[in-house]
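Trainee: For reference, the file coords.cif (mmCIF, C-alpha atoms) is included below:
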```cif
data_upload
#
loop_
_atom_site.label_atom_id
_atom_site.label_comp_id
_atom_site.auth_asym_id
_atom_site.auth_seq_id
_atom_site.Cartn_x
_atom_site.Cartn_y
_atom_site.Cartn_z
CA MET S 10 23.90 2.29 -6.54
CA SER S 11 21.61 1.51 -3.66
CA SER S 12 18.14 2.90 -3.21
CA LYS S 13 17.24 5.22 -0.37
CA PHE S 14 14.23 2.96 0.12
CA LYS S 15 14.70 -0.42 1.76
CA HIS S 16 11.03 -1.31 2.06
CA CYS S 17 8.13 -0.76 -0.32
CA ILE S 18 4.68 -0.88 1.21
CA CYS S 19 2.05 -1.38 -1.47
CA THR S 20 -1.65 -0.95 -0.85
CA LEU S 21 -4.24 -2.29 -3.27
CA SER S 22 -7.61 -0.59 -3.00
CA TYR S 23 -11.06 -0.88 -4.50
CA CYS S 24 -14.29 0.49 -3.13
CA ASN S 25 -17.41 1.37 -5.03
CA ILE S 26 -19.48 3.22 -2.46
CA GLU S 27 -22.69 2.92 -4.49
CA LYS S 28 -22.43 -0.89 -4.63
CA THR S 29 -21.04 -1.48 -1.13
CA PRO S 30 -21.74 1.59 1.05
CA ALA S 31 -20.80 -0.19 4.30
CA ARG S 32 -17.23 -0.69 3.04
CA LYS S 33 -16.58 3.06 2.93
CA LYS S 34 -15.97 3.43 6.68
CA ILE S 35 -13.96 0.19 6.82
CA VAL S 36 -11.65 1.29 4.00
CA GLU S 37 -11.26 4.83 5.35
CA LYS S 38 -10.33 3.55 8.82
CA ALA S 39 -7.96 0.89 7.49
CA VAL S 40 -6.23 3.12 4.93
CA SER S 41 -5.82 5.91 7.49
CA SER S 42 -3.99 3.45 9.76
CA HIS S 43 -1.31 3.00 7.08
CA SER S 44 0.03 6.53 7.66
CA GLY S 45 1.96 5.44 10.77
CA PHE S 46 4.07 3.07 8.69
CA LYS S 47 5.68 5.82 6.60
CA ARG S 48 9.41 6.01 7.36
CA ASP S 49 12.36 7.67 5.64
CA ASP S 50 13.53 4.32 4.27
CA SER S 51 10.08 3.16 3.13
CA TYR S 52 8.13 3.99 0.01
CA ILE S 53 4.37 3.77 0.29
CA PHE S 54 2.47 3.27 -2.93
CA LEU S 55 -1.25 2.87 -3.49
CA TRP S 56 -2.82 1.26 -6.55
CA ASP S 57 -6.51 1.96 -6.77
CA ASN S 58 -8.33 -0.59 -8.88
CA GLY S 59 -11.15 1.57 -10.25
CA SER S 60 -12.92 2.84 -7.12
CA SER S 61 -15.83 5.24 -7.26
CA ASP S 62 -15.02 8.96 -7.53
CA ASP S 63 -15.87 9.74 -3.90
CA MET S 64 -13.45 7.04 -2.71
CA LYS S 65 -10.76 8.35 -5.08
CA GLU S 66 -11.26 11.77 -3.52
CA PHE S 67 -10.63 10.33 -0.06
CA LEU S 68 -7.56 8.40 -1.26
CA SER S 69 -6.15 11.54 -2.91
CA SER S 70 -6.31 13.27 0.47
CA CYS S 71 -4.01 10.64 2.06
CA ASP S 72 -0.79 12.64 1.88
CA PHE S 73 1.38 9.92 3.40
CA TYR S 74 1.47 7.96 0.14
CA ASP S 75 4.53 8.64 -1.99
CA ASP S 76 2.58 7.75 -5.10
CA ILE S 77 -1.01 6.87 -5.98
CA HIS S 78 -2.12 5.30 -9.23
CA PHE S 79 -5.79 5.37 -10.17
CA SER S 80 -6.63 2.63 -12.65
CA SER S 81 -9.57 3.51 -14.88
CA ARG S 82 -11.03 0.04 -14.36
CA ASN S 83 -10.76 -2.88 -11.98
CA LEU S 84 -7.87 -5.05 -13.16
CA PHE S 85 -8.43 -7.41 -10.23
CA ASP S 86 -5.48 -8.49 -8.09
CA ASN S 87 -2.99 -10.12 -10.47
CA GLY S 88 -2.31 -7.14 -12.72
CA ALA S 89 -2.14 -4.72 -9.82
CA PHE S 90 0.19 -6.97 -7.79
CA ALA S 91 2.52 -7.28 -10.80
CA ALA S 92 2.59 -3.49 -11.16
CA LEU S 93 3.21 -3.04 -7.44
CA ARG S 94 6.07 -5.54 -7.53
CA LYS S 95 7.59 -3.74 -10.52
CA LYS S 96 7.39 -0.43 -8.65
CA ALA S 97 9.29 -1.93 -5.70
CA HIS S 98 11.84 -3.52 -8.04
CA ASP S 99 12.38 -0.24 -9.93
CA LEU S 100 12.99 1.53 -6.61
CA GLY S 101 15.54 -1.10 -5.59
CA CYS S 102 13.67 -2.06 -2.43
CA GLU S 103 14.81 -5.18 -0.58
CA TYR S 104 11.44 -5.86 0.99
CA ILE S 105 7.85 -5.57 -0.17
CA THR S 106 4.74 -5.59 1.96
CA PHE S 107 1.37 -5.93 0.21
CA ILE S 108 -1.64 -4.56 2.04
CA GLU S 109 -5.28 -4.75 1.08
CA ASP S 110 -7.37 -1.63 1.63
CA ASP S 111 -9.41 -3.24 4.40
CA CYS S 112 -6.41 -4.31 6.50
CA GLN S 113 -6.04 -2.06 9.50
CA LEU S 114 -2.46 -1.77 10.79
CA PHE S 115 -1.84 -1.30 14.48
CA ASP S 116 1.83 -1.16 15.45
CA PRO S 117 4.12 1.00 13.30
CA ASP S 118 7.03 0.15 15.59
CA SER S 119 6.83 -3.47 14.44
CA ILE S 120 8.48 -2.64 11.09
CA VAL S 121 11.97 -2.06 12.52
CA PRO S 122 12.34 -5.44 14.28
CA ALA S 123 10.70 -7.22 11.34
CA ILE S 124 13.25 -5.76 8.92
CA GLU S 125 16.09 -6.47 11.35
CA PHE S 126 14.93 -10.08 11.55
CA LEU S 127 14.85 -10.38 7.75
CA ASP S 128 18.27 -8.72 7.45
CA ASN S 129 19.70 -11.25 9.93
CA ASN S 130 17.91 -14.27 8.47
CA ARG S 131 18.43 -14.09 4.73
CA ASP S 132 17.00 -17.60 4.28
CA CYS S 133 13.53 -16.31 5.18
#
```
Now, as a test, write the supplied structure out as structure tokens.
Mentor:
Amino acid sequence: MSSKFKHCICTLSYCNIEKTPARKKIVEKAVSSHSGFKRDDSYIFLWDNGSSDDMKEFLSSCDFYDDIHFSSRNLFDNGAFAALRKKAHDLGCEYITFIEDDCQLFDPDSIVPAIEFLDNNRDC
């Protein structure tokens, strides 16, 4: 049985506004840019690595995520990446894209040719 999702886009976030107040605007702008990458055949998942409550409130308002997990503490990257990979595997996705919360995405139309390239070049 094949999955309805071909591509899993996984965002890893962490922002403690009290410790790094300047990051708030950066993360909000970057995370908001991820909404354009939601497609019918993509699953967008966010793992928050113990952000402050005000940042969690913002992330909860991002309705383009299919699922959001709020970790009670910062597990750093390795644990979160393993969980994100398992999520993609459980969904049966062929492709995974990992995004950090401060990476702003610009061209949602780039996903289709990128997946077509990967489909046609299985050695990549």
Trainee: With the PyMOL selection byres ((chain S and resi 69-82) around 7) as the selection, what would be picked from this file? Answer as a VMD selection string, please.
Mentor: chain S and resid 44 47 52 to 59 65 to 68 83 to 84
Trainee: Quick one: distance from atom CA of Arg131 of chain S to atom CA of Leu21 of chain S in Å, one decimal?
Mentor: 26.8 Å
Trainee: With only C-alpha atoms as the basis for distance, which of S:Gln113, S:Asn130, S:Ser12, S:Thr20 is at the shortest distance from Asp49 of chain S?
Mentor: S:Ser12
Trainee: Taking the file as shown, what set of residues would the PyMOL selection byres ((chain S and resi 114-121) around 8) give back, as a PyMOL selection string?
Mentor: chain S and resi 39+42-43+45-46+112-113+122-125
Trainee: Using the chain letters and numbers from the file, give me the residues hit by the PyMOL selection byres ((chain S and resi 17) around 7), as a PDB file with C-alpha atoms, in the frame of the given file.
Mentor:
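Result written to selection-v8.pdb:
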```
ATOM      1  CA  LYS S  15      14.700  -0.420   1.760  1.00  0.00           C
ATOM      2  CA  HIS S  16      11.030  -1.310   2.060  1.00  0.00           C
ATOM      3  CA  ILE S  18       4.680  -0.880   1.210  1.00  0.00           C
ATOM      4  CA  CYS S  19       2.050  -1.380  -1.470  1.00  0.00           C
ATOM      5  CA  SER S  51      10.080   3.160   3.130  1.00  0.00           C
ATOM      6  CA  TYR S  52       8.130   3.990   0.010  1.00  0.00           C
ATOM      7  CA  ILE S  53       4.370   3.770   0.290  1.00  0.00           C
ATOM      8  CA  ALA S  97       9.290  -1.930  -5.700  1.00  0.00           C
ATOM      9  CA  CYS S 102      13.670  -2.060  -2.430  1.00  0.00           C
ATOM     10  CA  TYR S 104      11.440  -5.860   0.990  1.00  0.00           C
ATOM     11  CA  ILE S 105       7.850  -5.570  -0.170  1.00  0.00           C
ATOM     12  CA  THR S 106       4.740  -5.590   1.960  1.00  0.00           C
TER      13      THR S 106
END
```
Trainee: So that I can check the surroundings of Asn25 of chain S, please list as a list in words every protein, DNA and RNA residue that reaches within 7 Å of it, counting all atoms listed in the file and ignoring chain neighbours fewer than 4 positions away.
Mentor: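 Residues meeting the cut-off are Thr29, Ser60 and Ser61 of chain S.
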Trainee: Which value, in Å to one decimal, gives the distance between atom CA of Lys34 of chain S and atom CA of Asp86 of chain S?
Mentor: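 Atom CA of Lys34 of chain S sits 21.7 Å away from atom CA of Asp86 of chain S.
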Trainee: Return as AutoDock Vina command-line options the centre and edge lengths, in Å with one decimal, of the box along x, y and z that encloses every atom of segment 80-99 of chain S in the file, padded by 4 Å per side.
Mentor:
```
--center_x 0.7 --center_y -3.3 --center_z -10.3 --size_x 31.4 --size_y 21.6 --size_z 17.2
```
Trainee: Just checking: using all atoms listed in the file, which residue out of S:Phe107, S:Phe85, S:Phe90, S:Phe126 ends up closest to Tyr23 of chain S?
Mentor: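 Using all atoms listed in the file, Tyr23 of chain S sits closest to S:Phe85.
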Trainee: Quick check, in Å to one decimal: how far apart do atom CA of Arg94 of chain S and atom CA of Cys133 of chain S lie?
Mentor: 18.3 Å
Trainee: Find the residue from S:Asn87, S:Asn129, S:Lys96, S:Ser22 that sits nearest to Glu109 of chain S; use only C-alpha atoms when measuring.
Mentor: S:Ser22
